Structures are given as C-alpha cells and as structure tokens.
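Heads up, the thing below is written out as structure tokens.
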Amino acid sequence: MNPRRLTRQITVGDARVGRVKIGGDARVSVQTMTAGYTHDIDACVREIERYAAAGVDIVRVAVPERKDTEALHHILPQVSVPIVADVHFHFQRALEAIDAGVHKIRLNPGNIADRDQVNQVIDACKDRGIPIRIGVNEGSIIERKDKQRRMEELGKFFAEHKSGHMLALMIAKLEEYLDIFDARDFHDVSISAKSMDASMVIDVYTEISKRFDYPLHLGVTHAGPRETGAIRSIVALGTLLANGIGDTLRLSYASDHIDEVKDGLELLYSLGKRTRKGIDLIACPTCGRIQVDLFTLVKEVERKLLPQIELPMKVAVMGCIVNGPGEAEGADVAVFAGDRRGIIYVQGQRVANVPEPEILDRLLQECLAFEAKVKRGEAKLGEKVVEIVPPDPIGALGSGADKIRAGFVEQVTIGKTS
Ligand code: SF4
C-alpha cells in the first residue's frame with residue numbers, strides 16, 4: 001500500500017446533515033445516486049434514507065427538469081446526508097438546485113451550452129460556499145453537437161493506441177474545464193474522469209493525480225449489473241486506493257444501489273481505509289469435510305448479527321476444526337462446526353458445544369455478551385487470550401468430528417498475547 005496522495009480538501013454538507021470532508025486527510029467517503037425520480041418526493045426521501053441507513057456518506061440526485069429542482073425544497077429538509085445535484089445540459093437546473101440549498105453540484109462543463117452559463121453556476125456556488133464536482137466521462141468528452149469534429153477525433157483515436165489517445169483527450173478536456181474554474185478563482189472543486197474500462201480508469205486517475213491536487217472522485221461508469229460491475233469497479237478502485245489515489249468513490253451498478261453502498265464500504269474496510277462498523281464476518285468456503293449446512297448458517301449469522309452488533313467484532317464461521325482454528329485466528333468469536341454440532345469460542349476460550357439447530361442463537365448470544373463486555377471495558381476487540389490449537393486431523397474421520405462429538409476439542413493455553 002502506498003501512502004495517501006495529499007489533495008486539497010473540500011466540505012460537503014451543513015450543520016443539519018453533517019459536514020463530509022473530501023480530500024486531504026479525510027477518510028475516503030462512499031457515495032451513491034438515487035435510481036428513482038427526484039420529483040417523486042416521498043419515494044426519493046425514502047430511497048436516500050435507505051442508503052443513509054446502509055452507511056452512505058453522500059447521495060446524488062438527478063435534476064433534469066424544473067419539477068426536480070422544485071422537489072429539492074421538500075427533500076432537503078427531510079434527509080440526513082448531504083445531497084449533490086447532478087446537472088447535465090441545463091445550467092438553470094444548477095442555479096435552481098443551489099437556490100433550494102443543495103450541498104454540491106456535479107457538472108460536466110462540456111455539455112453546458114456556453115462558458116457564460118458555466119460561469120453563472122460557478123459564481124452561484126461561490127456565493128453559497130458550495131463545491132462543484134467536475135465530471136468528465138469517456139462517453140461524453142467529445143462534443144456531440146459537432147459531428148464532424150467528433151468523427152475527426154474518433155478517427156485519430158482509432159489510428160493510434162486506443163487507450164493512449166482517449167487518455168490524452170480526457171486529461172486535455174479536464175485541463176480545459178479546470179481553466180474555466182481557475183479563471184473565476186474557484187477552487188472548491190473535486191474531479192472525476194470515469195470510463196467503463198477498468199484499466200482506463202486506473203490509467204486516467206493515475207495521470208490526473210500527477211497533474212492536479214484536487215480531491216478525486218473515483219468510479220467506473222456503466223459498470224453493469226453487480227456480478228460484473230463489482231469486479232470491474234473493485235479491481236480499478238482497489239488498485240488506485242492501494243496506490244494512495246482517491247478521496248471519495250461511487251460504484252455504479254445496474255441493480256439495487258444499496259449494493260453500491262455496501263460494496264464501496266467493504267472495499268474501504270478491506271483496504272483498511274475505514275474503520276469497520278459492525279461485524280467482520282470470516283467464513284470458510286466449505287469442502288468435502290463439511291458436516292453442517294454452512295452456507296445457510298453464514299447467511300443467517302450475517303442477517304442476524306449485522307443489525308445487532310455495532311462494534312467491529314471479528315466473527316468466524318468455520319465448517320470444521322481441521323483448518324478452522326488456524327484460519328479463524330484473530331477472530332473474537334468463532335464457531336467450528338462438525339458432525340451437526342458447533343463449538344463456540346470467545347477470544348480463544350471454548351464457551352459452548354451445541355447441536356446444529358442451536359448454533360445460530362448461541363452464537364448471537366455469545367456475540368452480544370462479548371460486545372457488552374467490551375463496552376464495559378472488561379475485554380478488548382482483537383485481543384486473543386489464548387491460542388486455539390487444532391486437534392490432530394489424522395484420525396478415523398480425518399475431520400476431528402469424533403473428537404468434537406466426544407467433547408475432546410479443548411483450547412490449550414499457551415500464554416497471553418500482548
Ligand atoms: S474449515 Fe474445514 S470445511 Fe471449511 S474449507 Fe476448511 S477444511 Fe473445509
């Protein structure tokens with residue numbers, strides 16, 4: 001992991017919804033966008049709040065029509081996270097959204113008719129202290145109005161190395177747009193340069209990060225349904241974040257946007273870019289040694305524990321004792337299943353050996369009890385008291401099931417860890 005690249009910092013939000021900082025030393029934030037109509041006020045508020053409950057930091061809404069910016073007057077007082085108005089083609093929508101009290105504007109200067117209109121938006125944002133994201137997308141950087149020019153540019157684009165030419169074009173456009181903001185002495189800016197090609201996203205943001213110190217909004221655009229979209233997005237954004245590039249992000253899925261929020265947060269947790277909220281679930285993939293319905297158990301553990309446990313407690317659900325203890329080392333609470341039973345450990349100490357139907361409830365009970373202990377200051381997360389030593393896997397069944405059934409699998413104290 002490379003150190004975080006230092007960028008300027010901008011602030012999105014207000015005293016009521018909270019102020020989210022982007023860039024500098026602020027934690028990397030997660031964004032999403034509503035999928036429904038903004039003018040459907042109640043549904044829009046419900047959608048935003050659903051994402052807020054899942055942990056999103058900022059939500060963007062589209063405002064293609066006047067009725068959408070009018071709706072913002074009713075939406076903004078009802079939501080609990082900062083809202084960005086996404087503006088394309090109509091600069092008036094940006095002015096109306098600013099007037100309604102929106103917390104940020106997303107603008108693609110390339111699809112606003114003239115520079116004076118862009119200037120009007122910049123000046124209005126400056127007056128209200130609202131930042132602007134300058135978004136350049138691969139698909140929209142060539143002016144659609146000028147077909148001849150588009151064809152010429154595309155001709156060049158195909159004549160040379162595809163990615164290299166597009167990369168140059170995106171950076172050139174971004175520089176051109178930033179000049180407009182520089183000329184107005186407006187620097188409350190974040191920038192994005194999205195593509196649907198993961199390798200292009202890595203290349204373009206890497207180049208941009210060398211040229212500008214504005215905070216970077218990462219994303220792979222039109223990434224597809226979650227199945228493919230997650231892989232495209234995580235490989236691109238994960239690479240950039242590991243290289244210290246990126247201050248805020250949005251995954252874009254052609255499916256329920258709640259998954260954009262969940263996956264965006266998981267990406268940041270996995271890279272250690274954010275402190276996890278709630279359980280960190282470890283589970284084995286199962287194999288021929290499995291003797292319980294582990295997939296159902298894991299799903300149920302996730303469903304029951306996620307809403308109830310606040311602390312970033314590591315919980316391991318392992319299919320057997322063979323590799324389980326080794327793989328679950330470091331888990332605060334672990335269950336090792338076998339022979340239709342589950343042995344539950346809390347920080348390395350065995351606390352229960354229960355039949356399969358009781359595993360879930362007992363695990364939940366132990367997790368809640370452990371969380372309460374941590375909250376009372378009687379235990380610390382991640383502090384292993386004893387090592388769990390796995391049983392000899394070479395036996396009649398090879399899985400240690402006999403030993404589990406007989407209750408022979410005990411922890412062996414080998415001393416406290418620091
Ligand atoms: S923990 Fe046991 S069941 Fe799960 S993958 Fe490892 S060996 Fe297989």
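The way I read the labels, and the way they are meant: chains A, B, ... in the order of the structure tokens, residue 1 as the first residue of every chain, and ligand 1 as the first ligand shown, with later ones counted on from there.
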
Test item, strand (DSSP E) assignment across segment 173-326 of chain A, answer as a list of chain:residue names: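 Filtering segment 173-326 of chain A down to strand (DSSP E) leaves A:Val189, A:Ser190, A:Ile191, A:Ser192, A:Ala193, A:Lys194, A:His217, A:Leu218, A:Thr248, A:Leu249, A:Arg250, A:Asp280, A:Leu281, A:Ile282, A:Ala283, A:Lys314, A:Val315, A:Ala316, A:Val317, A:Met318.
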
Could the residues in this selection be written to a file with N, CA and C atoms, as a PDB file, in the first residue's frame?
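The result, written out as selection38.pdb:
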```pdb
ATOM      1  N   VAL A 189     -13.375  22.423  -5.568  1.00  0.00           N
ATOM      2  CA  VAL A 189     -13.637  21.517  -6.684  1.00  0.00           C
ATOM      3  C   VAL A 189     -13.155  20.101  -6.369  1.00  0.00           C
ATOM      4  N   SER A 190     -13.930  19.116  -6.815  1.00  0.00           N
ATOM      5  CA  SER A 190     -13.402  17.751  -6.892  1.00  0.00           C
ATOM      6  C   SER A 190     -13.524  17.323  -8.342  1.00  0.00           C
ATOM      7  N   ILE A 191     -12.741  16.333  -8.735  1.00  0.00           N
ATOM      8  CA  ILE A 191     -12.789  15.955 -10.153  1.00  0.00           C
ATOM      9  C   ILE A 191     -12.944  14.446 -10.330  1.00  0.00           C
ATOM     10  N   SER A 192     -13.578  14.112 -11.444  1.00  0.00           N
ATOM     11  CA  SER A 192     -13.708  12.690 -11.797  1.00  0.00           C
ATOM     12  C   SER A 192     -13.494  12.545 -13.293  1.00  0.00           C
ATOM     13  N   ALA A 193     -12.998  11.403 -13.683  1.00  0.00           N
ATOM     14  CA  ALA A 193     -12.794  11.104 -15.110  1.00  0.00           C
ATOM     15  C   ALA A 193     -13.074   9.619 -15.280  1.00  0.00           C
ATOM     16  N   LYS A 194     -14.349   9.316 -15.503  1.00  0.00           N
ATOM     17  CA  LYS A 194     -14.761   7.908 -15.475  1.00  0.00           C
ATOM     18  C   LYS A 194     -14.783   7.284 -16.856  1.00  0.00           C
ATOM     19  N   HIS A 217     -12.723  11.930  -7.195  1.00  0.00           N
ATOM     20  CA  HIS A 217     -13.928  11.101  -7.044  1.00  0.00           C
ATOM     21  C   HIS A 217     -13.756   9.920  -7.996  1.00  0.00           C
ATOM     22  N   LEU A 218     -13.596   8.723  -7.438  1.00  0.00           N
ATOM     23  CA  LEU A 218     -13.323   7.549  -8.274  1.00  0.00           C
ATOM     24  C   LEU A 218     -14.603   6.843  -8.704  1.00  0.00           C
ATOM     25  N   THR A 248     -12.919   9.942  -2.634  1.00  0.00           N
ATOM     26  CA  THR A 248     -14.316   9.558  -2.478  1.00  0.00           C
ATOM     27  C   THR A 248     -14.623   8.637  -3.654  1.00  0.00           C
ATOM     28  N   LEU A 249     -15.669   7.818  -3.532  1.00  0.00           N
ATOM     29  CA  LEU A 249     -15.933   6.878  -4.622  1.00  0.00           C
ATOM     30  C   LEU A 249     -17.416   6.584  -4.752  1.00  0.00           C
ATOM     31  N   ARG A 250     -17.746   6.171  -5.979  1.00  0.00           N
ATOM     32  CA  ARG A 250     -19.072   5.622  -6.222  1.00  0.00           C
ATOM     33  C   ARG A 250     -18.948   4.393  -7.109  1.00  0.00           C
ATOM     34  N   ASP A 280     -17.171  -8.169  11.329  1.00  0.00           N
ATOM     35  CA  ASP A 280     -16.310  -8.545  10.206  1.00  0.00           C
ATOM     36  C   ASP A 280     -16.429 -10.064  10.119  1.00  0.00           C
ATOM     37  N   LEU A 281     -17.205 -10.525   9.155  1.00  0.00           N
ATOM     38  CA  LEU A 281     -17.523 -11.951   9.099  1.00  0.00           C
ATOM     39  C   LEU A 281     -16.504 -12.716   8.260  1.00  0.00           C
ATOM     40  N   ILE A 282     -15.906 -13.716   8.899  1.00  0.00           N
ATOM     41  CA  ILE A 282     -14.980 -14.612   8.203  1.00  0.00           C
ATOM     42  C   ILE A 282     -15.712 -15.946   8.060  1.00  0.00           C
ATOM     43  N   ALA A 283     -15.667 -16.555   6.908  1.00  0.00           N
ATOM     44  CA  ALA A 283     -16.334 -17.859   6.767  1.00  0.00           C
ATOM     45  C   ALA A 283     -15.524 -18.711   5.812  1.00  0.00           C
ATOM     46  N   LYS A 314     -14.714  -9.361  15.028  1.00  0.00           N
ATOM     47  CA  LYS A 314     -14.406 -10.375  14.026  1.00  0.00           C
ATOM     48  C   LYS A 314     -15.084 -11.685  14.409  1.00  0.00           C
ATOM     49  N   VAL A 315     -15.949 -12.171  13.550  1.00  0.00           N
ATOM     50  CA  VAL A 315     -16.691 -13.401  13.842  1.00  0.00           C
ATOM     51  C   VAL A 315     -16.364 -14.420  12.747  1.00  0.00           C
ATOM     52  N   ALA A 316     -15.919 -15.605  13.165  1.00  0.00           N
ATOM     53  CA  ALA A 316     -15.551 -16.638  12.196  1.00  0.00           C
ATOM     54  C   ALA A 316     -16.550 -17.785  12.224  1.00  0.00           C
ATOM     55  N   VAL A 317     -16.987 -18.202  11.054  1.00  0.00           N
ATOM     56  CA  VAL A 317     -17.878 -19.362  10.955  1.00  0.00           C
ATOM     57  C   VAL A 317     -17.150 -20.381  10.085  1.00  0.00           C
ATOM     58  N   MET A 318     -16.677 -21.447  10.709  1.00  0.00           N
ATOM     59  CA  MET A 318     -15.832 -22.407  10.009  1.00  0.00           C
ATOM     60  C   MET A 318     -16.507 -23.775   9.942  1.00  0.00           C
TER      61      MET A 318
END
```

All residues 12 Å or closer to Leu6 of chain A, only C-alpha atoms, same chain fewer than 4 positions away omitted, as a list of chain:residue names: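 Everything that qualifies: A:Asn2, A:Ile22, A:Gly23, A:Gly24, A:Asp25, A:Ala26, A:Ser209, A:Lys210, A:Phe212, A:Asp213, A:Tyr214, A:Pro215, A:Leu216, A:Gly244, A:Ile245, A:Gly246, A:Asp247.
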
Keeping only N, CA and C atoms, write the selected residues as an mmCIF file, in the first residue's frame.
```
data_model
loop_
_atom_site.group_PDB
_atom_site.id
_atom_site.type_symbol
_atom_site.label_atom_id
_atom_site.label_comp_id
_atom_site.auth_asym_id
_atom_site.auth_seq_id
_atom_site.Cartn_x
_atom_site.Cartn_y
_atom_site.Cartn_z
ATOM 1 N N ASN A 2 0.588 2.126 -0.920
ATOM 2 C CA ASN A 2 1.334 3.381 -0.969
ATOM 3 C C ASN A 2 0.670 4.411 -0.066
ATOM 4 N N ILE A 22 -13.947 15.885 1.950
ATOM 5 C CA ILE A 22 -13.394 15.048 0.871
ATOM 6 C C ILE A 22 -12.000 15.563 0.543
ATOM 7 N N GLY A 23 -11.018 14.646 0.607
ATOM 8 C CA GLY A 23 -9.647 15.048 0.298
ATOM 9 C C GLY A 23 -8.851 15.344 1.546
ATOM 10 N N GLY A 24 -7.580 15.670 1.348
ATOM 11 C CA GLY A 24 -6.683 15.903 2.486
ATOM 12 C C GLY A 24 -6.566 14.622 3.292
ATOM 13 N N ASP A 25 -6.741 14.762 4.621
ATOM 14 C CA ASP A 25 -6.616 13.572 5.460
ATOM 15 C C ASP A 25 -7.983 12.992 5.827
ATOM 16 N N ALA A 26 -9.045 13.463 5.161
ATOM 17 C CA ALA A 26 -10.384 12.952 5.478
ATOM 18 C C ALA A 26 -10.507 11.493 5.056
ATOM 19 N N SER A 209 -3.812 12.287 -11.074
ATOM 20 C CA SER A 209 -3.285 12.516 -9.718
ATOM 21 C C SER A 209 -1.896 13.150 -9.758
ATOM 22 N N LYS A 210 -1.181 12.965 -10.891
ATOM 23 C CA LYS A 210 0.147 13.587 -11.007
ATOM 24 C C LYS A 210 0.027 15.060 -11.377
ATOM 25 N N PHE A 212 -3.005 17.233 -10.939
ATOM 26 C CA PHE A 212 -3.869 18.143 -10.174
ATOM 27 C C PHE A 212 -3.894 17.736 -8.713
ATOM 28 N N ASP A 213 -4.104 18.716 -7.828
ATOM 29 C CA ASP A 213 -4.183 18.355 -6.416
ATOM 30 C C ASP A 213 -5.613 18.450 -5.886
ATOM 31 N N TYR A 214 -6.573 18.498 -6.792
ATOM 32 C CA TYR A 214 -7.970 18.488 -6.341
ATOM 33 C C TYR A 214 -8.333 17.073 -5.879
ATOM 34 N N PRO A 215 -9.264 16.975 -4.914
ATOM 35 C CA PRO A 215 -9.670 15.633 -4.480
ATOM 36 C C PRO A 215 -10.311 14.855 -5.625
ATOM 37 N N LEU A 216 -10.062 13.559 -5.646
ATOM 38 C CA LEU A 216 -10.524 12.726 -6.757
ATOM 39 C C LEU A 216 -11.709 11.853 -6.363
ATOM 40 N N GLY A 244 -2.713 4.872 -3.146
ATOM 41 C CA GLY A 244 -2.858 6.152 -2.439
ATOM 42 C C GLY A 244 -3.687 7.176 -3.200
ATOM 43 N N ILE A 245 -4.385 6.727 -4.240
ATOM 44 C CA ILE A 245 -5.148 7.664 -5.078
ATOM 45 C C ILE A 245 -6.646 7.487 -4.838
ATOM 46 N N GLY A 246 -7.331 8.605 -4.573
ATOM 47 C CA GLY A 246 -8.779 8.551 -4.419
ATOM 48 C C GLY A 246 -9.230 9.072 -3.077
ATOM 49 N N ASP A 247 -10.244 9.967 -3.108
ATOM 50 C CA ASP A 247 -10.719 10.602 -1.886
ATOM 51 C C ASP A 247 -12.178 10.307 -1.600
#
```

Exercise answer, 7 Å around ligand 1 with only C-alpha atoms and all ligand atoms, as number ranges by chain: A: 284-290, 318-324

Prev. selection, C-alpha atoms, output as a tab-separated table (two decimals), in the first residue's frame:
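For reference, again-v4.tsv as written:
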```
chain	number	residue	atom	x	y	z
A	284	CYS	CA	-14.74	-20.88	5.17
A	285	PRO	CA	-15.69	-21.75	1.60
A	286	THR	CA	-16.52	-25.33	2.69
A	287	CYS	CA	-15.12	-28.51	1.18
A	288	GLY	CA	-15.63	-32.24	1.35
A	289	ARG	CA	-15.12	-32.18	5.11
A	290	ILE	CA	-18.22	-30.10	5.76
A	318	MET	CA	-15.83	-22.41	10.01
A	319	GLY	CA	-17.04	-25.68	8.56
A	320	CYS	CA	-14.77	-27.94	10.56
A	321	ILE	CA	-11.99	-27.94	13.06
A	322	VAL	CA	-9.26	-29.11	10.68
A	323	ASN	CA	-8.10	-25.77	9.36
A	324	GLY	CA	-10.70	-23.79	11.21
```

Residue among A:Glu302, A:Asp256, A:Asp188, A:Asp361 lying closest to Arg128 of chain A, counting only C-alpha atoms: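 That would be A:Asp188, the residue with the smallest distance to Arg128 of chain A.
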
Separation of atom CA of Ile83 of chain A from atom CA of Val12 of chain A, in Å and rounded to one decimal: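 About the pair atom CA of Ile83 of chain A and atom CA of Val12 of chain A: they are 8.3 Å apart.
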
Coordinates-based distance that separates atom CA of Val335 of chain A from atom CA of Gly348 of chain A (Å, one decimal):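 One can read the atom CA of Gly348 of chain A to atom CA of Val335 of chain A distance as 10.6 Å.
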
Counting only C-alpha atoms, the option among A:Gln365, A:Leu268, A:Asp263, A:Thr34 closest to Val301 of chain A: A:Gln365

Contacts of segment 39-41 of chain A at 9 Å (only C-alpha atoms; same-chain gap of 4+ positions) as a PyMOL selection string: chain A and resi 45-46+63+65-72+74-75

Could you write those residues out with N, CA and C atoms, as an mmCIF file, in the first residue's frame?
```
data_model
loop_
_atom_site.group_PDB
_atom_site.id
_atom_site.type_symbol
_atom_site.label_atom_id
_atom_site.label_comp_id
_atom_site.auth_asym_id
_atom_site.auth_seq_id
_atom_site.Cartn_x
_atom_site.Cartn_y
_atom_site.Cartn_z
ATOM 1 N N VAL A 45 -37.037 10.621 -0.859
ATOM 2 C CA VAL A 45 -36.571 10.713 0.532
ATOM 3 C C VAL A 45 -36.351 9.307 1.098
ATOM 4 N N ARG A 46 -37.318 8.410 0.823
ATOM 5 C CA ARG A 46 -37.183 7.024 1.324
ATOM 6 C C ARG A 46 -35.923 6.376 0.766
ATOM 7 N N VAL A 63 -31.413 16.010 -11.643
ATOM 8 C CA VAL A 63 -32.394 17.103 -11.693
ATOM 9 C C VAL A 63 -32.598 17.536 -13.152
ATOM 10 N N GLU A 65 -35.353 18.160 -14.772
ATOM 11 C CA GLU A 65 -36.460 19.072 -15.029
ATOM 12 C C GLU A 65 -36.678 20.008 -13.850
ATOM 13 N N ARG A 66 -37.394 21.072 -14.148
ATOM 14 C CA ARG A 66 -37.690 22.076 -13.131
ATOM 15 C C ARG A 66 -38.388 21.456 -11.914
ATOM 16 N N LYS A 67 -39.295 20.507 -12.199
ATOM 17 C CA LYS A 67 -40.032 19.890 -11.083
ATOM 18 C C LYS A 67 -39.080 19.122 -10.145
ATOM 19 N N ASP A 68 -37.909 18.708 -10.681
ATOM 20 C CA ASP A 68 -36.936 18.010 -9.837
ATOM 21 C C ASP A 68 -36.244 18.987 -8.884
ATOM 22 N N THR A 69 -35.866 20.147 -9.411
ATOM 23 C CA THR A 69 -35.205 21.121 -8.517
ATOM 24 C C THR A 69 -36.218 21.707 -7.532
ATOM 25 N N GLU A 70 -37.499 21.805 -7.965
ATOM 26 C CA GLU A 70 -38.528 22.273 -7.023
ATOM 27 C C GLU A 70 -38.700 21.266 -5.890
ATOM 28 N N ALA A 71 -38.615 19.994 -6.260
ATOM 29 C CA ALA A 71 -38.765 18.931 -5.246
ATOM 30 C C ALA A 71 -37.663 19.015 -4.194
ATOM 31 N N LEU A 72 -36.484 19.530 -4.581
ATOM 32 C CA LEU A 72 -35.374 19.609 -3.627
ATOM 33 C C LEU A 72 -35.736 20.437 -2.391
ATOM 34 N N HIS A 74 -38.376 20.352 -0.796
ATOM 35 C CA HIS A 74 -39.076 19.471 0.156
ATOM 36 C C HIS A 74 -38.207 18.310 0.612
ATOM 37 N N ILE A 75 -37.314 17.876 -0.273
ATOM 38 C CA ILE A 75 -36.473 16.712 0.039
ATOM 39 C C ILE A 75 -35.380 17.075 1.048
#
```

Between atom CA of Leu305 of chain A and atom CA of Val17 of chain A - distance in Å to one decimal: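 It comes out at 27.7 Å.
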
Selection: 12 Å around His90 of chain A, only C-alpha atoms, excl. self and same-chain fewer than 2 positions, as a list in words: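 Contacts, with the query itself left out: Ala62, Val63, Pro64, Glu65, Arg66, Thr69, Ala85, Asp86, Val87, His88, Gln92, Arg93, Ala94, Leu95, Glu96, Ala97, Leu107, Asn108, Pro109, Gly110, Asn111, Ile112, Ala113, Asp114, Gln117, Val118, Gln120 and Val121 of chain A.
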
Could you dump the residues just selected with N, CA and C atoms as a short mmCIF file (atom, residue, chain, number, x, y, z; two decimals), in the first residue's frame?
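Result written to out-v3.cif:
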```cif
data_model
loop_
_atom_site.label_atom_id
_atom_site.label_comp_id
_atom_site.auth_asym_id
_atom_site.auth_seq_id
_atom_site.Cartn_x
_atom_site.Cartn_y
_atom_site.Cartn_z
N ALA A 62 -30.54 13.20 -9.65
CA ALA A 62 -30.62 13.82 -10.98
C ALA A 62 -31.69 14.91 -10.94
N VAL A 63 -31.41 16.01 -11.64
CA VAL A 63 -32.39 17.10 -11.69
C VAL A 63 -32.60 17.54 -13.15
N PRO A 64 -33.13 16.65 -13.99
CA PRO A 64 -33.27 17.01 -15.40
C PRO A 64 -34.36 18.06 -15.67
N GLU A 65 -35.35 18.16 -14.77
CA GLU A 65 -36.46 19.07 -15.03
C GLU A 65 -36.68 20.01 -13.85
N ARG A 66 -37.39 21.07 -14.15
CA ARG A 66 -37.69 22.08 -13.13
C ARG A 66 -38.39 21.46 -11.91
N THR A 69 -35.87 20.15 -9.41
CA THR A 69 -35.20 21.12 -8.52
C THR A 69 -36.22 21.71 -7.53
N ALA A 85 -26.58 17.68 -6.52
CA ALA A 85 -27.46 17.75 -7.69
C ALA A 85 -26.65 17.48 -8.94
N ASP A 86 -27.12 16.53 -9.72
CA ASP A 86 -26.41 16.10 -10.93
C ASP A 86 -26.99 16.87 -12.13
N VAL A 87 -26.16 17.73 -12.70
CA VAL A 87 -26.67 18.63 -13.75
C VAL A 87 -26.05 18.31 -15.11
N HIS A 88 -26.90 18.14 -16.07
CA HIS A 88 -26.45 17.96 -17.46
C HIS A 88 -27.28 18.89 -18.35
N GLN A 92 -29.62 26.18 -15.79
CA GLN A 92 -30.65 26.72 -14.88
C GLN A 92 -30.95 25.74 -13.75
N ARG A 93 -30.88 24.42 -14.08
CA ARG A 93 -31.16 23.42 -13.04
C ARG A 93 -30.14 23.55 -11.90
N ALA A 94 -28.89 23.86 -12.27
CA ALA A 94 -27.85 24.03 -11.24
C ALA A 94 -28.19 25.24 -10.36
N LEU A 95 -28.59 26.34 -11.01
CA LEU A 95 -28.91 27.55 -10.24
C LEU A 95 -30.11 27.29 -9.32
N GLU A 96 -31.11 26.57 -9.86
CA GLU A 96 -32.31 26.27 -9.05
C GLU A 96 -31.95 25.35 -7.87
N ALA A 97 -31.09 24.37 -8.13
CA ALA A 97 -30.70 23.43 -7.06
C ALA A 97 -29.92 24.17 -5.97
N LEU A 107 -21.18 18.79 -12.31
CA LEU A 107 -21.31 19.47 -13.59
C LEU A 107 -20.35 18.89 -14.60
N ASN A 108 -20.81 18.74 -15.81
CA ASN A 108 -19.91 18.42 -16.91
C ASN A 108 -19.91 19.64 -17.82
N PRO A 109 -18.90 20.52 -17.66
CA PRO A 109 -18.93 21.77 -18.43
C PRO A 109 -19.08 21.53 -19.93
N GLY A 110 -18.67 20.33 -20.37
CA GLY A 110 -18.73 20.04 -21.80
C GLY A 110 -20.14 19.95 -22.35
N ASN A 111 -21.11 19.74 -21.49
CA ASN A 111 -22.47 19.70 -22.04
C ASN A 111 -23.34 20.87 -21.58
N ILE A 112 -22.68 21.94 -21.16
CA ILE A 112 -23.39 23.21 -20.90
C ILE A 112 -23.10 24.10 -22.11
N ALA A 113 -24.15 24.79 -22.59
CA ALA A 113 -24.07 25.46 -23.89
C ALA A 113 -22.90 26.44 -24.03
N ASP A 114 -22.72 27.32 -23.05
CA ASP A 114 -21.60 28.25 -23.23
C ASP A 114 -20.93 28.57 -21.90
N GLN A 117 -22.66 30.54 -19.10
CA GLN A 117 -23.58 29.76 -18.26
C GLN A 117 -22.81 29.00 -17.18
N VAL A 118 -21.66 28.44 -17.56
CA VAL A 118 -20.83 27.75 -16.57
C VAL A 118 -20.38 28.76 -15.51
N GLN A 120 -21.90 31.40 -14.51
CA GLN A 120 -23.03 31.73 -13.62
C GLN A 120 -23.16 30.68 -12.52
N VAL A 121 -22.97 29.43 -12.89
CA VAL A 121 -23.06 28.34 -11.89
C VAL A 121 -21.90 28.47 -10.89
#
```

All alpha helix (DSSP H) residues (DSSP, backbone) inside segment 330-393 of chain A, as an mmCIF file with N, CA and C atoms, in the first residue's frame:
```cif
data_model
loop_
_atom_site.group_PDB
_atom_site.id
_atom_site.type_symbol
_atom_site.label_atom_id
_atom_site.label_comp_id
_atom_site.auth_asym_id
_atom_site.auth_seq_id
_atom_site.Cartn_x
_atom_site.Cartn_y
_atom_site.Cartn_z
ATOM 1 N N GLU A 356 -26.494 -28.495 15.949
ATOM 2 C CA GLU A 356 -26.642 -27.568 14.822
ATOM 3 C C GLU A 356 -27.823 -26.588 14.951
ATOM 4 N N PRO A 357 -29.023 -27.041 15.344
ATOM 5 C CA PRO A 357 -30.144 -26.086 15.388
ATOM 6 C C PRO A 357 -29.955 -24.966 16.407
ATOM 7 N N GLU A 358 -29.036 -25.183 17.345
ATOM 8 C CA GLU A 358 -28.850 -24.154 18.393
ATOM 9 C C GLU A 358 -27.658 -23.232 18.117
ATOM 10 N N ILE A 359 -26.923 -23.531 17.045
ATOM 11 C CA ILE A 359 -25.674 -22.776 16.803
ATOM 12 C C ILE A 359 -25.944 -21.278 16.659
ATOM 13 N N LEU A 360 -26.914 -20.941 15.812
ATOM 14 C CA LEU A 360 -27.154 -19.533 15.487
ATOM 15 C C LEU A 360 -27.499 -18.710 16.732
ATOM 16 N N ASP A 361 -28.484 -19.205 17.491
ATOM 17 C CA ASP A 361 -28.912 -18.438 18.664
ATOM 18 C C ASP A 361 -27.795 -18.330 19.698
ATOM 19 N N ARG A 362 -27.064 -19.414 19.877
ATOM 20 C CA ARG A 362 -25.999 -19.392 20.879
ATOM 21 C C ARG A 362 -24.870 -18.445 20.438
ATOM 22 N N LEU A 363 -24.583 -18.470 19.141
ATOM 23 C CA LEU A 363 -23.529 -17.586 18.619
ATOM 24 C C LEU A 363 -23.923 -16.123 18.821
ATOM 25 N N LEU A 364 -25.168 -15.820 18.498
ATOM 26 C CA LEU A 364 -25.657 -14.450 18.666
ATOM 27 C C LEU A 364 -25.565 -14.037 20.139
ATOM 28 N N GLN A 365 -25.993 -14.945 20.997
ATOM 29 C CA GLN A 365 -25.949 -14.679 22.446
ATOM 30 C C GLN A 365 -24.508 -14.391 22.898
ATOM 31 N N GLU A 366 -23.567 -15.202 22.406
ATOM 32 C CA GLU A 366 -22.165 -15.012 22.798
ATOM 33 C C GLU A 366 -21.608 -13.700 22.237
ATOM 34 N N CYS A 367 -22.005 -13.369 21.013
ATOM 35 C CA CYS A 367 -21.521 -12.116 20.404
ATOM 36 C C CYS A 367 -22.039 -10.912 21.186
ATOM 37 N N LEU A 368 -23.321 -10.953 21.546
ATOM 38 C CA LEU A 368 -23.902 -9.828 22.286
ATOM 39 C C LEU A 368 -23.268 -9.716 23.674
ATOM 40 N N ALA A 369 -23.040 -10.864 24.286
ATOM 41 C CA ALA A 369 -22.429 -10.847 25.621
ATOM 42 C C ALA A 369 -21.000 -10.303 25.534
ATOM 43 N N PHE A 370 -20.284 -10.709 24.489
ATOM 44 C CA PHE A 370 -18.906 -10.235 24.331
ATOM 45 C C PHE A 370 -18.884 -8.733 24.034
ATOM 46 N N GLU A 371 -19.813 -8.288 23.184
ATOM 47 C CA GLU A 371 -19.880 -6.851 22.878
ATOM 48 C C GLU A 371 -20.137 -6.046 24.157
ATOM 49 N N ALA A 372 -21.045 -6.555 24.985
ATOM 50 C CA ALA A 372 -21.352 -5.857 26.248
ATOM 51 C C ALA A 372 -20.104 -5.787 27.134
ATOM 52 N N LYS A 373 -19.323 -6.880 27.136
ATOM 53 C CA LYS A 373 -18.090 -6.906 27.936
ATOM 54 C C LYS A 373 -17.095 -5.857 27.434
ATOM 55 N N VAL A 374 -16.996 -5.765 26.090
ATOM 56 C CA VAL A 374 -16.079 -4.775 25.501
ATOM 57 C C VAL A 374 -16.537 -3.373 25.877
ATOM 58 N N LYS A 375 -17.848 -3.169 25.780
ATOM 59 C CA LYS A 375 -18.373 -1.829 26.107
ATOM 60 C C LYS A 375 -18.155 -1.471 27.577
#
```
